[in-house]
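Quick notes on the structure that follows.
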Amino acid sequence: MSRHATHIAQPVTVSRVMLKVLAALLPGIAVSVYCFGPGVLVQLLLATLTALGAEAAVLRLRQRPVAPALADLSAVVTAWLLALSMPPLGAWWMIVVATLFAIVLGKQLYGGLGNNPFNPAMVGFAVMIVSFPAQMAAWGTPLAALDATAQLQWIFTHTLPAGSSVDAVSSATPLDVLKTGLLQGGQDVAQLLLQPRFGQWGNAGGEWVALAWALGGLWLWQQKLIPWRTPLAMLAGVLAVSLPLWLWQPAHYASPLFHLLNGATLLAAGFIVTDPISGSTTPLGRLIFGFMVGVLVVVIRVFGGFPDAVAFAVLIMNMAVPFIDQTTQPRVFGRKGGRHA
Amino acid sequence: MSQLYDFHGGIHPPQHKDAATGRPIQQLPLPPQLYIALAQSVGNPARPTVSVGQPVLKGQQLAEPDGRLSAAVHAPTSGTITAIGPHPFAHPSGLPVATITLAPDGLDSWQPRSPLAWQDASPAQLRSHLQDMGVVGLGGAVFPTHLKLGASPLATLVVNGAECEPFISCDDMLMRERAAGIVDGIRIAAHALQAGQVLIGIEDNKPQAIAAMQAACAGTPYRVVSIPTKYPSGGAKQLIRLLTGIEVPHGTRATDLGVQCLNVGTLYAMARAVLHGEPLLSRVVTVTGAVAYAANYEVAIGTPLAWLLQQAGMADAQTEVIMGGPMMGITLPDLHAGLPKAGNCLIAKSAALFPPRPPEQACIRCGDCASVCPAQLQPMDLFWFAKSRNFGKAQERHLFDCIECGACSYVCPSQIPLVDYYRFAKSEIWAAERDKKNASLARQRHEFRQFRIERDKSEKAARLAARAAEQAAKLASQAATPAAASTAPAASGMDDAKKAAIAAALARAAAQKEAKPLSEQHTSGLDDAKQAAIQAAMARAAARKAASDAAKAADAANPDSPPATTPAQTGMDDAKRAAIEAAMARAAARKAAADAAKAADAANPDSPPAAAPTQTGMDDAKRAAVEAAMARAAARKAASDAAKAADAANPDSPPATTPTQTGMDDAKRAAVEAAMARAAARKAAAQAQKDASE
Ligand code: SF4
Ligand code: SF4
């Protein structure tokens with residue numbers, strides 16, 4: 001350290017930041033486990049082990065110190081976010097492959113922590129949804145009476161004990177059901193939403209999980225670990241598209257609330273668009289980045305071909321980050337204007 | 001209560017101030033030696049005015065200011081100068097600097113003191129008094145104070161009592177104990193600056209200081225403003241922003257925006273200097289951290305830091321010590337240094353207070369640094385650019401607006417020592433700029449040298465040509481055909497004129513080219529007008545020389561005409577040779593004539609401007625212009641005459657092959673024409689000379 005360095009520093013480290021992010025995910029994980037069963041924990045475990053293993057292997061290949069990189073817990077955060085975005089009862093190899101893509105392709109190939117332009121978890125997710133759309137759409141039925149052994153058996157062997165219905169492990173997501181229903185025609189949104197799969201607010205079980213994500217996000221904000229701008233802007237973006245559509249033709253378009261509580265909207269608001277590395281860093285840039293992710297999420301859901309859209313929306317906006325940052329430079333103290341192209 | 005304007009960012013590091021504020025300001029006995037460095041302020045080190053072995057009195061000047069950006073240095077006590085030379089200095093480089101060593105005699109006897117009647121003194125008198133008294137900014141920047149009292153009237157004088165860095169409490173204690181003295185200083189500064197208002201900013205973690213200052217300011221228009229405790233509120237720009245809302249951009253002087261900022265310690269020193277005639281001999285310094293008697297000590301400038309720390313009870317002499325605060329201070333390389341005027345705080349490090357920083361990790365772009373940056377920069381981008389040595393980009397993103405406050409380094413979860421990277425980038429940029437400046441200086445020198453060589457060469461060439469012309473003339477004098485003989489030297493004479501004209505043009509162009517870099521180069525020396533005049537004179541001289549060369553060349557043609565009157569004497573061979581020569585001469589003469597016309601034209605427009613600097617008024621200029629026009633016309637005429645003369649030589653050459661047929665008449669006519677051409681050439685030359693001298 002030079003003689004002129006700042007001699008004191010806040011006792012904050014990347015590991016502690018990441019640890020708090022993991023902690024903030026716990027309420028959502030708890031509700032998930034309650035709704036979808038212990039399969040969720042299996043997914044988390046598989047993802048964590050794969051992530052750490054892949055990170056260690058690549059670092060060794062790159063001849064970089066392994067221990068500090070693993071200790072910063074960033075790989076674990078990526079793994080958890082990915083595991084929580086994937087179907088809770090998806091086959092074991094799916095989460096493993098997804099995590100490998102996330103860590104190796106999404107993170108380490110770009111030079112590791114801090115250098116990845118894309119959110120690694122979303123890279124992994126996007127690869128899977130493009131390659132295995134059917135499997136990725138098969139969600140577990142919430143609150144299905146499927147015990148832990150049965151879930152494990154399903155995840156690892158793709159078989160079920162006698163007497164169990166396949167419906168318990170492969171019902172479509174509400175987003176999917178609504179989309180297919182509307183495409184088939186005959187029923188409007190209100191009628192479709194009467195199905196039990198949609199629960200009280202449009203996502204049986206999932207709605208509670210979503211609210212738990214929001215809780216974790218609020219805590220991160222209270223801990224000053226995430227800015228308010230990106231998440232709020234994202235929610236505003238979701239509203240900005242879904243609200244006018246819904247007001248215009250409520251029979252054809254789901255309500256903003258449906259969009260908020262379905263898919264990974266709130267998980268993304270609290271934990272994904274707030275990923276600092278792949279997001280914008282300027283105050284105005286964060287607003288633009290978040291808002292545009294929100295807009296794209298609804299647009300892709302409503303007009304696109306995939307059941308959920310968070311991953312694509314985030315990746316598209318990740319690409320725009322350098323440009324956004326460049327054009328939204330804040331005014332420097334004492335200087336006029338600020339933004340320079 | 002006046003309005004407060006928040007500044008962006010800032011941090012709240014642990015204060016650690018209480019350790020040293022429990023006791024009043026402590027006095028210490030004199031140390032056995034004082035090491036008074038000559039570089040006590042921003043700018044030039046002072047120049048010693050004493051010699052080794054010389055006894056000095058307390059307050060006696062040891063070194064005088066060297067230029068404007070410099071302040072005097074004095075003997076903090078009476079004693080003997082025992083050495084003048086390099087000594088360790090309180091600077092991160094650890095390089096020794098010129099230092100005066102003083103052995104106190106223990107008598108502490110003052111030299112006569114001369115206070116300044118400040119109310120009657122002019123601002124200039126006050127400034128020179130402060131410079132002579134060695135008063136410099138005691139907040140840490142040690143900028144010579146006299147230079148801060150330049151602009152008046154001033155809208156707002158901001159008094160800096162914020163003292164925002166952790167651990168430091170010297171200003172706090174000074175305000176608590178010597179508020180009246182500080183207010184005296186404010187009075188003097190406000191008077192000199194004709195300040196419209198005085199705002200005293202003190203962080204609200206110093207309630208006693210605020211109370212004391214408020215009491216001392218009772219009955220004055222000076223307002224004590226309690227500001228929220230937030231680092232770096234004591235940065236001059238941040239404090240000015242807090243109290244007035246004015247943002248002083250990088251590269252702008254605060255006074256240009258109607259505000260000036262002075263530290264309370266500086267104002268106290270100013271009051272001592274003005275009211276009591278006491279130079280800046282001592283200062284209050286916080287000694288804290290891993291010491292037994294943490295307190296504020298009033299200490300003579302030059303007191304050895306090791307000795308001071310020992311007095312304060314620092315157990316281990318090997319302890320690392322920070323001078324300044326933990327945010328912007330430096331780790332002292334050598335405790336043998338004397339206390340400089342900049343030394344506001346010494347912190348003996350302990351592992352408990354300063355745990356080693358965890359290893360640096362990759363930047364995660366969390367933006368925490370940006371949210372605390374008081375300069376509203378994007379520190380992570382600057383870091384990225386500095387690390388990738390993309391200094392241009394860093395500068396574009398206002399690297400130099402960074403005040404190196406360290407707030408970003410403090411909050412960075414990746415534990416990146418960001419300020420180190422900025423310092424590195426800045427020093428690289430400075431080095432590159434220095435190199436560039438040196439290179440362009442070298443280039444200018446090289447170009448001037450080239451010009452000189454070029455000029456010498458062309459002058460030599462002109463001389464050689466003139467001699468060659470003479471020789472050619474002599475040769476031609478033996479030629480049979482007078483016309484040919486007369487045209488040949490004329491042609492070579494014209495050639496010389498051309499050469500001279502070219503040389504003049506070259507010289508002029510070079511002079512013009514030189515004029516710019518030279519004037520850029522000597523910013524402090526000759527002013528531009530003078531240089532222009534000199535260059536004009538040079539150009540004029542060159543032109544004159546060219547003209548005289550032309551004249552000489554023309555004269556050289558003279559001796560040829562007399563032989564032209566005796567053509568009959570030469571035989572056939574000669575005639576043949578002469579004919580050939582005549583043909584050659586004819587061609588040359590034609591070319592020369594055209595060139596001369598061109599040269600004359602070209603020479604004209606330049607001469608008036610060259611003369612301009614020496615002449616004054618419109619009339620002269622007008623006259624010069626008229627004369628130039630006349631000269632131009634004459635030159636044109638001369639040139640056409642020369643051409644005619646050359647043409648006139650034409651009909652003679654064919655007959656030159658049959659010399660017997662032509663006879664005396666032709667020869668006579670040729671001779672006459674040659675004479676005419678000569679005269680015309682002479683006239684042209686004279687005109688050119690006149691022209692050039694305009
Ligand atoms: S605080 Fe450190 S890690 Fe965060 S953006 Fe700034 S430099 Fe990067
Ligand atoms: S050191 Fe420079 S970049 Fe860092 S917070 Fe201070 S002003 Fe901003």
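Numbering starts fresh at 1 for the residues of each chain in the structure tokens, the chains themselves are lettered A, B, ... in the order given, and ligands are numbered from 1 as they appear.
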Contacts from chain A to chain B, 10 Å maximum, only C-alpha atoms: show me the residue list as a PyMOL selection string.
chain A and resi 1-17+68-69+72+74+112-116+224-227+274-283+325+329-336+338+340
Region 102-111 of chain B surroundings by only C-alpha atoms, 8 Å radius, close-in-sequence under 6 positions cut, as an mmCIF file with all heavy atoms, in the first residue's frame:
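Output saved as selection06.cif:
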```
data_model
loop_
_atom_site.group_PDB
_atom_site.id
_atom_site.type_symbol
_atom_site.label_atom_id
_atom_site.label_comp_id
_atom_site.auth_asym_id
_atom_site.auth_seq_id
_atom_site.Cartn_x
_atom_site.Cartn_y
_atom_site.Cartn_z
ATOM 1 N N LEU B 30 11.386 23.419 24.517
ATOM 2 C CA LEU B 30 11.993 23.423 23.181
ATOM 3 C C LEU B 30 12.785 22.137 22.965
ATOM 4 O O LEU B 30 13.441 21.649 23.882
ATOM 5 C CB LEU B 30 12.926 24.627 23.044
ATOM 6 C CG LEU B 30 12.208 25.946 22.764
ATOM 7 C CD1 LEU B 30 13.164 27.109 22.979
ATOM 8 C CD2 LEU B 30 11.654 25.967 21.357
ATOM 9 N N PRO B 31 12.730 21.594 21.767
ATOM 10 C CA PRO B 31 13.540 20.407 21.480
ATOM 11 C C PRO B 31 15.007 20.809 21.339
ATOM 12 O O PRO B 31 15.316 21.996 21.174
ATOM 13 C CB PRO B 31 12.980 19.925 20.147
ATOM 14 C CG PRO B 31 12.418 21.141 19.514
ATOM 15 C CD PRO B 31 11.954 22.038 20.614
ATOM 16 N N PRO B 32 15.924 19.847 21.396
ATOM 17 C CA PRO B 32 17.359 20.166 21.292
ATOM 18 C C PRO B 32 17.749 20.726 19.925
ATOM 19 O O PRO B 32 18.713 21.470 19.819
ATOM 20 C CB PRO B 32 18.053 18.830 21.548
ATOM 21 C CG PRO B 32 16.994 17.795 21.400
ATOM 22 C CD PRO B 32 15.683 18.437 21.665
ATOM 23 N N GLN B 33 17.025 20.343 18.901
ATOM 24 C CA GLN B 33 17.335 20.821 17.546
ATOM 25 C C GLN B 33 16.027 21.152 16.853
ATOM 26 O O GLN B 33 15.008 20.516 17.122
ATOM 27 C CB GLN B 33 18.019 19.720 16.720
ATOM 28 C CG GLN B 33 19.322 19.212 17.264
ATOM 29 C CD GLN B 33 20.471 20.122 16.862
ATOM 30 O OE1 GLN B 33 20.410 20.787 15.848
ATOM 31 N NE2 GLN B 33 21.511 20.160 17.677
ATOM 32 N N LEU B 34 16.088 22.104 15.942
ATOM 33 C CA LEU B 34 14.923 22.362 15.092
ATOM 34 C C LEU B 34 15.352 22.171 13.638
ATOM 35 O O LEU B 34 16.418 22.654 13.242
ATOM 36 C CB LEU B 34 14.403 23.786 15.301
ATOM 37 C CG LEU B 34 13.749 24.087 16.652
ATOM 38 C CD1 LEU B 34 13.522 25.580 16.795
ATOM 39 C CD2 LEU B 34 12.446 23.325 16.814
ATOM 40 N N TYR B 35 14.550 21.455 12.887
ATOM 41 C CA TYR B 35 14.855 21.236 11.464
ATOM 42 C C TYR B 35 13.825 21.975 10.628
ATOM 43 O O TYR B 35 12.708 21.491 10.454
ATOM 44 C CB TYR B 35 14.847 19.747 11.139
ATOM 45 C CG TYR B 35 15.868 18.968 11.932
ATOM 46 C CD1 TYR B 35 15.482 18.151 12.979
ATOM 47 C CD2 TYR B 35 17.218 19.088 11.622
ATOM 48 C CE1 TYR B 35 16.427 17.454 13.712
ATOM 49 C CE2 TYR B 35 18.165 18.380 12.344
ATOM 50 C CZ TYR B 35 17.766 17.571 13.395
ATOM 51 O OH TYR B 35 18.706 16.884 14.117
ATOM 52 N N ILE B 36 14.207 23.140 10.180
ATOM 53 C CA ILE B 36 13.243 23.986 9.485
ATOM 54 C C ILE B 36 13.485 23.876 7.982
ATOM 55 O O ILE B 36 14.450 24.436 7.452
ATOM 56 C CB ILE B 36 13.373 25.446 9.959
ATOM 57 C CG1 ILE B 36 13.268 25.484 11.483
ATOM 58 C CG2 ILE B 36 12.317 26.328 9.316
ATOM 59 C CD1 ILE B 36 14.305 26.344 12.139
ATOM 60 N N LEU B 57 17.923 35.420 16.352
ATOM 61 C CA LEU B 57 16.940 35.698 17.389
ATOM 62 C C LEU B 57 15.604 35.071 16.994
ATOM 63 O O LEU B 57 15.354 34.789 15.825
ATOM 64 C CB LEU B 57 16.779 37.215 17.565
ATOM 65 C CG LEU B 57 17.970 37.921 18.196
ATOM 66 C CD1 LEU B 57 17.821 39.428 18.094
ATOM 67 C CD2 LEU B 57 18.135 37.487 19.658
ATOM 68 N N LYS B 58 14.774 34.906 17.985
ATOM 69 C CA LYS B 58 13.448 34.354 17.717
ATOM 70 C C LYS B 58 12.685 35.298 16.796
ATOM 71 O O LYS B 58 12.649 36.508 17.032
ATOM 72 C CB LYS B 58 12.689 34.192 19.038
ATOM 73 C CG LYS B 58 11.290 33.612 18.873
ATOM 74 C CD LYS B 58 10.633 33.389 20.234
ATOM 75 C CE LYS B 58 9.283 32.680 20.062
ATOM 76 N NZ LYS B 58 8.666 32.386 21.361
ATOM 77 N N GLY B 59 12.126 34.743 15.739
ATOM 78 C CA GLY B 59 11.370 35.567 14.801
ATOM 79 C C GLY B 59 12.211 36.149 13.695
ATOM 80 O O GLY B 59 11.691 36.763 12.773
ATOM 81 N N GLN B 60 13.516 35.928 13.773
ATOM 82 C CA GLN B 60 14.392 36.436 12.712
ATOM 83 C C GLN B 60 14.180 35.624 11.440
ATOM 84 O O GLN B 60 13.999 34.408 11.484
ATOM 85 C CB GLN B 60 15.850 36.339 13.162
ATOM 86 C CG GLN B 60 16.832 36.963 12.184
ATOM 87 C CD GLN B 60 18.251 36.934 12.745
ATOM 88 O OE1 GLN B 60 18.445 36.925 13.967
ATOM 89 N NE2 GLN B 60 19.227 36.906 11.857
ATOM 90 N N ALA B 75 13.119 31.904 12.373
ATOM 91 C CA ALA B 75 13.642 31.135 13.492
ATOM 92 C C ALA B 75 12.562 31.049 14.565
ATOM 93 O O ALA B 75 12.141 32.076 15.094
ATOM 94 C CB ALA B 75 14.897 31.813 14.053
ATOM 95 N N THR B 77 12.861 30.114 17.507
ATOM 96 C CA THR B 77 13.397 30.527 18.796
ATOM 97 C C THR B 77 14.804 31.060 18.550
ATOM 98 O O THR B 77 15.325 30.968 17.432
ATOM 99 C CB THR B 77 13.443 29.333 19.786
ATOM 100 O OG1 THR B 77 13.892 29.818 21.049
ATOM 101 C CG2 THR B 77 14.386 28.244 19.292
ATOM 102 N N SER B 78 15.417 31.619 19.571
ATOM 103 C CA SER B 78 16.771 32.124 19.382
ATOM 104 C C SER B 78 17.764 30.971 19.496
ATOM 105 O O SER B 78 17.506 29.991 20.192
ATOM 106 C CB SER B 78 17.079 33.203 20.423
ATOM 107 O OG SER B 78 16.916 32.681 21.717
ATOM 108 N N GLY B 79 18.894 31.103 18.829
ATOM 109 C CA GLY B 79 19.887 30.036 18.854
ATOM 110 C C GLY B 79 20.898 30.239 17.747
ATOM 111 O O GLY B 79 21.072 31.343 17.239
ATOM 112 N N THR B 80 21.519 29.129 17.358
ATOM 113 C CA THR B 80 22.572 29.203 16.352
ATOM 114 C C THR B 80 22.242 28.278 15.187
ATOM 115 O O THR B 80 21.763 27.163 15.401
ATOM 116 C CB THR B 80 23.919 28.756 16.963
ATOM 117 O OG1 THR B 80 24.069 29.438 18.212
ATOM 118 C CG2 THR B 80 25.076 29.102 16.046
ATOM 119 N N ILE B 81 22.532 28.768 13.988
ATOM 120 C CA ILE B 81 22.369 27.916 12.815
ATOM 121 C C ILE B 81 23.527 26.929 12.808
ATOM 122 O O ILE B 81 24.687 27.329 12.777
ATOM 123 C CB ILE B 81 22.406 28.755 11.525
ATOM 124 C CG1 ILE B 81 21.422 29.907 11.586
ATOM 125 C CG2 ILE B 81 22.164 27.872 10.301
ATOM 126 C CD1 ILE B 81 19.988 29.513 11.697
ATOM 127 N N THR B 82 23.206 25.642 12.830
ATOM 128 C CA THR B 82 24.298 24.669 12.849
ATOM 129 C C THR B 82 24.478 23.969 11.510
ATOM 130 O O THR B 82 25.512 23.349 11.281
ATOM 131 C CB THR B 82 24.052 23.601 13.931
ATOM 132 O OG1 THR B 82 22.783 22.995 13.679
ATOM 133 C CG2 THR B 82 24.035 24.223 15.320
ATOM 134 N N ALA B 83 23.484 24.042 10.668
ATOM 135 C CA ALA B 83 23.645 23.396 9.359
ATOM 136 C C ALA B 83 22.607 23.938 8.396
ATOM 137 O O ALA B 83 21.527 24.372 8.808
ATOM 138 C CB ALA B 83 23.490 21.885 9.479
#
```
Write down as a VMD selection string the residues belonging to region 41-269 of chain B that are assigned strand (DSSP E) by DSSP computed on the backbone.
chain B and resid 47 to 48 55 to 56 61 to 64 73 to 74 79 to 87 97 to 104 154 to 161 195 to 203 223 to 227 259 to 263
Nearby residues (only C-alpha atoms) at most 12 Å from Gln311 (chain B), same-chain spacing under 2 positions excluded, as a PyMOL selection string
chain B and resi 26-31+287-288+291-297+299+303-309+313-315+317
CA of Gln125 (chain B) sits from CA of Leu267 (chain B) at a separation of 17.1 Å
Fewer than 3 positions away in the same chain doesn't count, so skip those; otherwise give me all residues within 10 Å of Leu130 (chain B), counting only C-alpha atoms, as an MDAnalysis selection string.
chainID B and resid 71:72 116 124:127 133:136 144:147 149 269:271 273:274 277 279:280
Would you please extract all alpha helix (DSSP H) residues from region 270-500 of chain B, as assigned by DSSP on the backbone, and give them as a ChimeraX atom specification?
/B:270-275,305-311,368-372,379-387,391-396,407-411,418-477,482-500
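Checking B:Ala312, B:Ala469, B:Leu95, B:Val372 one by one against ligand 1, counting only C-alpha atoms and all ligand atoms, you find the shortest gap at B:Val372.
Of the residues listed (A:Leu296, A:Leu182, A:Leu109, A:Val273), A:Val273 shows the shortest atom-to-atom separation from Val321 (chain A); distances use only C-alpha atoms.
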Between B:Asn438, B:Val50, B:Val225, B:Ala386, which residue has the minimum interatomic distance to ligand 2, considering only C-alpha atoms and all ligand atoms?
B:Ala386
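In this comparison, which uses only C-alpha atoms, the residue of A:Pro27, A:Ala51, A:Ala251, A:Ser85 approaching Leu218 (chain A) most closely is A:Pro27.
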Restricting to only C-alpha atoms and all ligand atoms, whichever of B:Ile202, B:Cys369, B:Cys345, B:Ala46 is closest to ligand 1 is B:Cys369
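For Gln151 (chain A), the residues within 9 Å (counting only C-alpha atoms, excluding itself and residues fewer than 3 positions away along the chain) are Gly37, Pro38, Gly39, Leu89, Leu146, Asp147, Ala148, Trp154, Ile155, Phe156, Leu160 and Val169 of chain A.
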